[in-house]
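Remarks on the structure that follows.
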Amino acid sequence: MSRLLLGALLAATLTQIPSSAGASTPMLSAETNQPISSTFVLGEPVRITFTATGLAPNSETRLDVDVRGAFGARVNAGSLAMRADATGKATSVYDAPAGRFGYYEVTAKLADGTPLAALGTRPAGIISYAVVTDPAARRDYGDAGSHFGLQGGFSKAAPVLPFLGVRYFLAGNAWNDMEPTAPGQFMADRTKDGLAGNRHPAINISAETLSYKGAAWKTYPVALVARAGLPQWALKPGTGGTSCKSFGALNDAGKQALPAFAAAEAAAFAQDYPGQSRRIYQMTWEPAQGWCFGGTPQDIVDLYAHAYGAIHHADPHALIAGPTLFLEPNSTKQLEGLWAAGLGRYVDVFSLHPYTAAFPPETHGLPSMLRQQMQEATAAAGHHIGLIGTEHGFQSTVNGNLQKAEGDVRSTIIMLGEGAMIDVGFYVADFWVGKGPAQSQGYGFYWNLNPAINYGTNKLGPKAIVPAYSAMTSMLDGAATRGPLPGLSGTQMGYRFTRDGQTIDVIWDYGTGSSVAVPGGAKVCDWMGNCAPSTGAVKLIGAPTYMIYR
């Protein structure tokens, strides 16, 4: 054979050998049989379909699956066989455990170590699902008895409020939204839209038109009056904050126009929600001195003074709430100046955003600073006033999945135990401002699984807070607080509630753990809602325990 012919044959042979540089990289993904929210009610089957791509055609491999709960304890584990087709794709279906309420985190990887791919804000290596209280078994306690709210990022495509037991939401329209260019704009637009058969402001279809299995899920709005800004035409120049640049003092035009707008908004709100026994109007939104408000304490009081009487005249069931500052020393000092300037005459409900500087909330202002602020608010008003929280939440990116759940739930229980009428958590699903999911701060109850939608995502994956919050609302919605539990010691903390002739004690230990006796005949429920008869004593941890008895 000539050297020339041998070279030609060798070249032809080499072209038929696949290049390793062009080989596919294996990838692993997964979906539950309820892929929109992966949130199930007890009794529903949970199936996870795993899909591997980039495998060698017609090859066989193994999928290792490990299922754990919120505290990392193993629930189940096993291996599944996977066989690739001619394109290198393989699927396998896993019947997942779902016999108890709770958070389930599934770690899965191929035999070569390939993990589940990250999706949106959910990290690589896992898929999660939650088992929660059936919304169909819940009772609607009405606007006066419902305690739980959530904002924001609602999505009609992913309606999770019934799973969470949430009834309250914050209406998104305020003065700077509805009269951005001139006084009287709101009523002109409402009249115009009304003639066309439309409501103004428009209904929030993602929060107000919900249903579960064909039954309507009733929700209740809190109205916003001024939010963190004023219309530019109503703002006194040079009084805006460094961040909220349009939140400052009223100019003369603003002082003249605000009463008319406040009355119009209240009349419209009362007309749109006639069935509510009370209608809450939150007047301002985080007017923190300097960064979100540039005026004086008297300028804030002027906002309330120009709206208070007008709202009450237009809506006899109105409650004016404010000013929504924070649980930190600067806010406490600012509040003292506001009370001294006369704010107490113009609030019916003390509203705040009970974030704490760090975890745990019990050592960072809840409930100590809350009690101080509430006492000063009551003294300034000269009589008992209500209490609401309209935004707070921990970050899973900072505190982790478990501490976010513990911190969010305990903060809400403290708020309700200290007398809050309603408490609003933050946020439905992870969001981001920037280039993508990596910019998320992890406030969401759910992972955001659609990287193309930064707010109001249509695909969700539950974090541990989802079943914990669902259990809390199931236990405490419609309940009345009886205050802190007596007889606690050390780092134990808890509150007593009553509902329908039953007593519900909620207790936890935010320190190293301890034990307490269980009242005779009590049913003991863990923080996810799994209940059992009393065994005489219970071990306390950072996750609340519910003890229910008559």
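A note on labels: chains of the structure tokens are A, B, ... as shown, every chain counts residues from 1, and ligands are counted from 1 in their shown order.
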Review point. So which bits of stretch 297-525 of chain A end up helix (DSSP H, G or I) when you DSSP the backbone, as a ChimeraX atom specification?
Key: /A:297-314,329-340,343-346,361-363,368-381,396-417,437-439,465-476
Writer output for current selection, C-alpha atoms, as a CSV table (one decimal), in the first residue's frame:
```csv
chain,number,residue,atom,x,y,z
A,297,PRO,CA,-42.1,66.4,62.1
A,298,GLN,CA,-44.8,69.0,61.7
A,299,ASP,CA,-44.8,68.5,57.9
A,300,ILE,CA,-45.7,64.8,58.5
A,301,VAL,CA,-48.4,65.8,61.0
A,302,ASP,CA,-49.8,68.2,58.4
A,303,LEU,CA,-50.3,65.3,56.0
A,304,TYR,CA,-52.4,63.5,58.5
A,305,ALA,CA,-54.3,66.6,59.7
A,306,HIS,CA,-55.3,67.5,56.1
A,307,ALA,CA,-56.6,63.9,55.4
A,308,TYR,CA,-58.0,62.6,58.8
A,309,GLY,CA,-61.3,64.4,59.0
A,310,ALA,CA,-62.0,64.1,55.3
A,311,ILE,CA,-61.6,60.4,55.3
A,312,HIS,CA,-63.7,59.9,58.4
A,313,HIS,CA,-66.4,62.1,57.0
A,314,ALA,CA,-66.5,60.1,53.7
A,329,PRO,CA,-33.5,53.6,67.7
A,330,ASN,CA,-33.7,56.3,65.0
A,331,SER,CA,-37.3,55.5,64.3
A,332,THR,CA,-38.1,55.5,68.0
A,333,LYS,CA,-36.5,58.9,68.3
A,334,GLN,CA,-38.4,60.2,65.2
A,335,LEU,CA,-41.6,58.9,66.6
A,336,GLU,CA,-41.1,60.9,69.8
A,337,GLY,CA,-40.9,64.0,67.7
A,338,LEU,CA,-44.0,63.1,65.8
A,339,TRP,CA,-46.0,62.5,68.9
A,340,ALA,CA,-44.8,65.8,70.3
A,343,LEU,CA,-49.6,63.0,65.4
A,344,GLY,CA,-51.5,61.2,68.1
A,345,ARG,CA,-54.6,63.2,67.3
A,346,TYR,CA,-54.7,61.8,63.7
A,361,PRO,CA,-36.0,38.9,66.3
A,362,GLU,CA,-36.5,38.4,70.1
A,363,THR,CA,-33.1,40.0,70.9
A,368,SER,CA,-39.3,45.1,73.6
A,369,MET,CA,-39.0,48.1,71.2
A,370,LEU,CA,-42.5,47.3,69.9
A,371,ARG,CA,-43.9,47.6,73.4
A,372,GLN,CA,-42.1,50.9,73.9
A,373,GLN,CA,-43.3,52.4,70.7
A,374,MET,CA,-46.9,51.2,71.2
A,375,GLN,CA,-47.0,52.6,74.8
A,376,GLU,CA,-45.8,56.0,73.5
A,377,ALA,CA,-48.3,55.9,70.6
A,378,THR,CA,-51.2,55.1,73.1
A,379,ALA,CA,-50.1,57.9,75.4
A,380,ALA,CA,-50.0,60.4,72.5
A,381,ALA,CA,-53.4,59.4,71.3
A,396,SER,CA,-33.0,33.4,52.8
A,397,THR,CA,-29.8,34.7,51.2
A,398,VAL,CA,-28.6,36.1,54.5
A,399,ASN,CA,-30.3,33.9,57.1
A,400,GLY,CA,-30.8,30.7,55.2
A,401,ASN,CA,-34.0,28.8,54.4
A,402,LEU,CA,-34.6,27.6,58.0
A,403,GLN,CA,-34.0,30.8,59.9
A,404,LYS,CA,-36.0,32.8,57.4
A,405,ALA,CA,-39.0,30.5,58.1
A,406,GLU,CA,-38.4,30.7,61.9
A,407,GLY,CA,-37.9,34.4,61.9
A,408,ASP,CA,-40.9,35.2,59.7
A,409,VAL,CA,-43.3,33.1,61.7
A,410,ARG,CA,-42.1,34.1,65.1
A,411,SER,CA,-42.2,37.8,64.1
A,412,THR,CA,-45.8,37.4,63.0
A,413,ILE,CA,-46.8,35.5,66.2
A,414,ILE,CA,-45.2,38.2,68.3
A,415,MET,CA,-47.1,40.9,66.4
A,416,LEU,CA,-50.4,39.2,66.9
A,417,GLY,CA,-49.6,38.2,70.5
A,437,PRO,CA,-31.9,36.0,39.7
A,438,ALA,CA,-28.4,36.3,41.3
A,439,GLN,CA,-29.4,39.8,42.4
A,465,ILE,CA,-41.7,29.3,55.3
A,466,VAL,CA,-44.6,28.2,53.1
A,467,PRO,CA,-45.8,25.2,55.2
A,468,ALA,CA,-44.8,26.9,58.5
A,469,TYR,CA,-46.8,30.0,57.6
A,470,SER,CA,-49.8,27.9,56.3
A,471,ALA,CA,-49.9,26.1,59.7
A,472,MET,CA,-49.7,29.3,61.6
A,473,THR,CA,-52.6,30.9,59.8
A,474,SER,CA,-54.6,27.7,60.2
A,475,MET,CA,-54.0,27.7,63.9
A,476,LEU,CA,-54.4,31.5,64.6
```
**Study point:** A:Cys525 surroundings by only C-alpha atoms, 6 Å radius, close-in-sequence under 4 positions cut, as a list in words
**Key:**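 Answer for this query is Gly529, Asn530, Cys531, Thr545 and Tyr546 of chain A.
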Check your understanding: So, counting only C-alpha atoms, which residue among A:Ala267, A:Ala253, A:Leu150, A:Ile541 is closest to A:Gly393?
Key -> A:Leu150
Practice item. Give me the residues within 8 Å of A:Gln282 as a PyMOL selection string, counting only C-alpha atoms and dropping any in the same chain fewer than 5 places off. Key: chain A and resi 222-225+227+320-323+351
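The closest residue to A:Leu42, picked from A:Ala202, A:Ala357, A:Ala136, A:Ala144 and counting only C-alpha atoms, is A:Ala136.
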**Study point:** Nearby residues (only C-alpha atoms) at most 6 Å from stretch 386-389 of chain A, same-chain spacing under 2 positions excluded, as a PyMOL selection string
**Key:** chain A and resi 349-353+391+420-424
Output N, CA and C atoms of each residue in that selection to a file, as an mmCIF file, in the first residue's frame.
```cif
data_model
loop_
_atom_site.group_PDB
_atom_site.id
_atom_site.type_symbol
_atom_site.label_atom_id
_atom_site.label_comp_id
_atom_site.auth_asym_id
_atom_site.auth_seq_id
_atom_site.Cartn_x
_atom_site.Cartn_y
_atom_site.Cartn_z
ATOM 1 N N VAL A 349 -54.780 53.800 64.297
ATOM 2 C CA VAL A 349 -54.028 52.545 64.322
ATOM 3 C C VAL A 349 -52.552 52.872 64.183
ATOM 4 N N PHE A 350 -51.735 52.336 65.082
ATOM 5 C CA PHE A 350 -50.296 52.492 64.966
ATOM 6 C C PHE A 350 -49.775 51.437 63.992
ATOM 7 N N SER A 351 -49.195 51.906 62.897
ATOM 8 C CA SER A 351 -48.713 51.020 61.846
ATOM 9 C C SER A 351 -47.199 51.084 61.783
ATOM 10 N N LEU A 352 -46.570 49.939 61.636
ATOM 11 C CA LEU A 352 -45.111 49.907 61.531
ATOM 12 C C LEU A 352 -44.676 48.775 60.614
ATOM 13 N N HIS A 353 -43.398 48.804 60.255
ATOM 14 C CA HIS A 353 -42.763 47.739 59.498
ATOM 15 C C HIS A 353 -41.771 47.049 60.439
ATOM 16 N N GLU A 391 -45.331 45.303 56.709
ATOM 17 C CA GLU A 391 -44.250 44.727 55.918
ATOM 18 C C GLU A 391 -43.123 44.269 56.834
ATOM 19 N N ALA A 420 -51.627 42.985 67.504
ATOM 20 C CA ALA A 420 -51.838 43.455 66.131
ATOM 21 C C ALA A 420 -53.132 42.898 65.556
ATOM 22 N N MET A 421 -53.862 43.772 64.879
ATOM 23 C CA MET A 421 -55.074 43.353 64.198
ATOM 24 C C MET A 421 -54.736 42.513 62.975
ATOM 25 N N ILE A 422 -53.754 42.966 62.208
ATOM 26 C CA ILE A 422 -53.276 42.228 61.043
ATOM 27 C C ILE A 422 -51.760 42.372 60.968
ATOM 28 N N ASP A 423 -51.126 41.433 60.295
ATOM 29 C CA ASP A 423 -49.692 41.495 60.059
ATOM 30 C C ASP A 423 -49.431 41.031 58.636
ATOM 31 N N VAL A 424 -48.628 41.798 57.923
ATOM 32 C CA VAL A 424 -48.386 41.556 56.503
ATOM 33 C C VAL A 424 -46.937 41.141 56.283
#
```
Within 9 Å of stretch 116-125 of chain A, counting only C-alpha atoms, which residues qualify if same-chain residues fewer than 6 places away don't, as a PDB file with N, CA and C atoms, in the first residue's frame?
```pdb
ATOM      1  N   MET A  27     -26.936  17.199  31.858  1.00  0.00           N
ATOM      2  CA  MET A  27     -27.693  18.154  32.663  1.00  0.00           C
ATOM      3  C   MET A  27     -28.885  17.435  33.266  1.00  0.00           C
ATOM      4  N   LEU A  28     -29.273  17.857  34.469  1.00  0.00           N
ATOM      5  CA  LEU A  28     -30.374  17.226  35.189  1.00  0.00           C
ATOM      6  C   LEU A  28     -31.362  18.285  35.641  1.00  0.00           C
ATOM      7  N   SER A  29     -32.650  18.062  35.354  1.00  0.00           N
ATOM      8  CA  SER A  29     -33.714  18.974  35.790  1.00  0.00           C
ATOM      9  C   SER A  29     -34.849  18.155  36.376  1.00  0.00           C
ATOM     10  N   ALA A  30     -35.819  18.836  37.000  1.00  0.00           N
ATOM     11  CA  ALA A  30     -36.922  18.132  37.645  1.00  0.00           C
ATOM     12  C   ALA A  30     -38.149  19.018  37.708  1.00  0.00           C
ATOM     13  N   PHE A  50     -37.842  13.488  36.792  1.00  0.00           N
ATOM     14  CA  PHE A  50     -36.457  13.900  36.560  1.00  0.00           C
ATOM     15  C   PHE A  50     -36.111  13.695  35.098  1.00  0.00           C
ATOM     16  N   VAL A 106     -35.553  17.956  48.078  1.00  0.00           N
ATOM     17  CA  VAL A 106     -35.051  16.772  47.393  1.00  0.00           C
ATOM     18  C   VAL A 106     -33.722  17.096  46.731  1.00  0.00           C
ATOM     19  N   THR A 107     -32.682  16.398  47.143  1.00  0.00           N
ATOM     20  CA  THR A 107     -31.384  16.487  46.483  1.00  0.00           C
ATOM     21  C   THR A 107     -31.271  15.308  45.528  1.00  0.00           C
ATOM     22  N   ALA A 108     -30.873  15.580  44.304  1.00  0.00           N
ATOM     23  CA  ALA A 108     -30.749  14.509  43.314  1.00  0.00           C
ATOM     24  C   ALA A 108     -29.503  14.739  42.474  1.00  0.00           C
ATOM     25  N   LYS A 109     -28.850  13.630  42.097  1.00  0.00           N
ATOM     26  CA  LYS A 109     -27.678  13.717  41.228  1.00  0.00           C
ATOM     27  C   LYS A 109     -27.514  12.410  40.461  1.00  0.00           C
ATOM     28  N   LEU A 110     -26.922  12.525  39.301  1.00  0.00           N
ATOM     29  CA  LEU A 110     -26.629  11.355  38.477  1.00  0.00           C
ATOM     30  C   LEU A 110     -25.424  10.606  39.047  1.00  0.00           C
ATOM     31  N   ASP A 430     -39.288  35.433  45.433  1.00  0.00           N
ATOM     32  CA  ASP A 430     -38.060  36.188  45.248  1.00  0.00           C
ATOM     33  C   ASP A 430     -38.166  37.124  44.046  1.00  0.00           C
ATOM     34  N   PHE A 431     -37.583  38.292  44.169  1.00  0.00           N
ATOM     35  CA  PHE A 431     -37.547  39.273  43.087  1.00  0.00           C
ATOM     36  C   PHE A 431     -36.135  39.824  43.025  1.00  0.00           C
ATOM     37  N   GLY A 436     -30.442  39.799  36.918  1.00  0.00           N
ATOM     38  CA  GLY A 436     -31.026  38.471  36.945  1.00  0.00           C
ATOM     39  C   GLY A 436     -31.182  37.921  38.342  1.00  0.00           C
ATOM     40  N   PRO A 437     -31.578  36.640  38.456  1.00  0.00           N
ATOM     41  CA  PRO A 437     -31.876  36.027  39.749  1.00  0.00           C
ATOM     42  C   PRO A 437     -30.751  36.126  40.771  1.00  0.00           C
ATOM     43  N   ALA A 438     -29.513  36.200  40.318  1.00  0.00           N
ATOM     44  CA  ALA A 438     -28.403  36.298  41.267  1.00  0.00           C
ATOM     45  C   ALA A 438     -28.470  37.579  42.094  1.00  0.00           C
ATOM     46  N   GLN A 439     -29.242  38.564  41.632  1.00  0.00           N
ATOM     47  CA  GLN A 439     -29.379  39.833  42.359  1.00  0.00           C
ATOM     48  C   GLN A 439     -30.468  39.780  43.431  1.00  0.00           C
ATOM     49  N   SER A 440     -31.189  38.655  43.529  1.00  0.00           N
ATOM     50  CA  SER A 440     -32.261  38.560  44.509  1.00  0.00           C
ATOM     51  C   SER A 440     -31.707  38.576  45.921  1.00  0.00           C
ATOM     52  N   GLY A 442     -33.628  37.355  48.420  1.00  0.00           N
ATOM     53  CA  GLY A 442     -34.185  36.194  49.102  1.00  0.00           C
ATOM     54  C   GLY A 442     -35.323  36.470  50.055  1.00  0.00           C
ATOM     55  N   TYR A 446     -41.375  31.975  48.345  1.00  0.00           N
ATOM     56  CA  TYR A 446     -41.110  30.974  47.297  1.00  0.00           C
ATOM     57  C   TYR A 446     -39.863  31.360  46.509  1.00  0.00           C
ATOM     58  N   TRP A 447     -39.149  30.345  46.006  1.00  0.00           N
ATOM     59  CA  TRP A 447     -38.149  30.596  44.986  1.00  0.00           C
ATOM     60  C   TRP A 447     -38.865  31.069  43.726  1.00  0.00           C
ATOM     61  N   ASN A 448     -38.282  31.992  43.029  1.00  0.00           N
ATOM     62  CA  ASN A 448     -38.783  32.437  41.728  1.00  0.00           C
ATOM     63  C   ASN A 448     -38.138  31.548  40.674  1.00  0.00           C
ATOM     64  N   LEU A 449     -38.939  30.712  40.013  1.00  0.00           N
ATOM     65  CA  LEU A 449     -38.412  29.730  39.076  1.00  0.00           C
ATOM     66  C   LEU A 449     -38.516  30.159  37.620  1.00  0.00           C
ATOM     67  N   ASN A 450     -38.855  31.412  37.389  1.00  0.00           N
ATOM     68  CA  ASN A 450     -38.864  31.923  36.009  1.00  0.00           C
ATOM     69  C   ASN A 450     -37.878  33.082  35.928  1.00  0.00           C
ATOM     70  N   PRO A 451     -36.675  32.850  35.412  1.00  0.00           N
ATOM     71  CA  PRO A 451     -35.663  33.907  35.375  1.00  0.00           C
ATOM     72  C   PRO A 451     -35.999  35.051  34.437  1.00  0.00           C
ATOM     73  N   ALA A 452     -37.083  34.914  33.667  1.00  0.00           N
ATOM     74  CA  ALA A 452     -37.494  35.991  32.760  1.00  0.00           C
ATOM     75  C   ALA A 452     -38.460  36.966  33.421  1.00  0.00           C
ATOM     76  N   GLY A 461     -41.318  27.789  43.577  1.00  0.00           N
ATOM     77  CA  GLY A 461     -40.893  26.632  44.347  1.00  0.00           C
ATOM     78  C   GLY A 461     -40.866  27.015  45.813  1.00  0.00           C
TER      79      GLY A 461
END
```
Check your understanding: Which residues come within 9 Å of A:Thr39, counting only C-alpha atoms, excluding same-chain residues fewer than 5 positions away, as a ChimeraX atom specification?
Key -> /A:34,129-132,160,163,460-462,466-467
Could the residues in this selection be saved with C-alpha atoms as an mmCIF file, in the first residue's frame?
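Written output follows (out30.cif):
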```
data_model
loop_
_atom_site.group_PDB
_atom_site.id
_atom_site.type_symbol
_atom_site.label_atom_id
_atom_site.label_comp_id
_atom_site.auth_asym_id
_atom_site.auth_seq_id
_atom_site.Cartn_x
_atom_site.Cartn_y
_atom_site.Cartn_z
ATOM 1 C CA GLN A 34 -47.943 20.584 40.260
ATOM 2 C CA TYR A 129 -42.246 20.880 47.543
ATOM 3 C CA ALA A 130 -44.592 21.625 50.435
ATOM 4 C CA VAL A 131 -47.609 19.883 51.952
ATOM 5 C CA VAL A 132 -50.042 22.328 53.562
ATOM 6 C CA VAL A 160 -50.847 30.767 46.277
ATOM 7 C CA PHE A 163 -52.477 27.719 50.364
ATOM 8 C CA LEU A 460 -42.753 29.053 42.125
ATOM 9 C CA GLY A 461 -40.893 26.632 44.347
ATOM 10 C CA PRO A 462 -41.662 26.689 48.098
ATOM 11 C CA VAL A 466 -44.561 28.166 53.116
ATOM 12 C CA PRO A 467 -45.844 25.203 55.191
#
```
Point to revise | Proximity to A:Val538 - best of A:Gly513, A:Gly501, A:Pro35, A:Gly172, only C-alpha atoms | key: A:Gly513
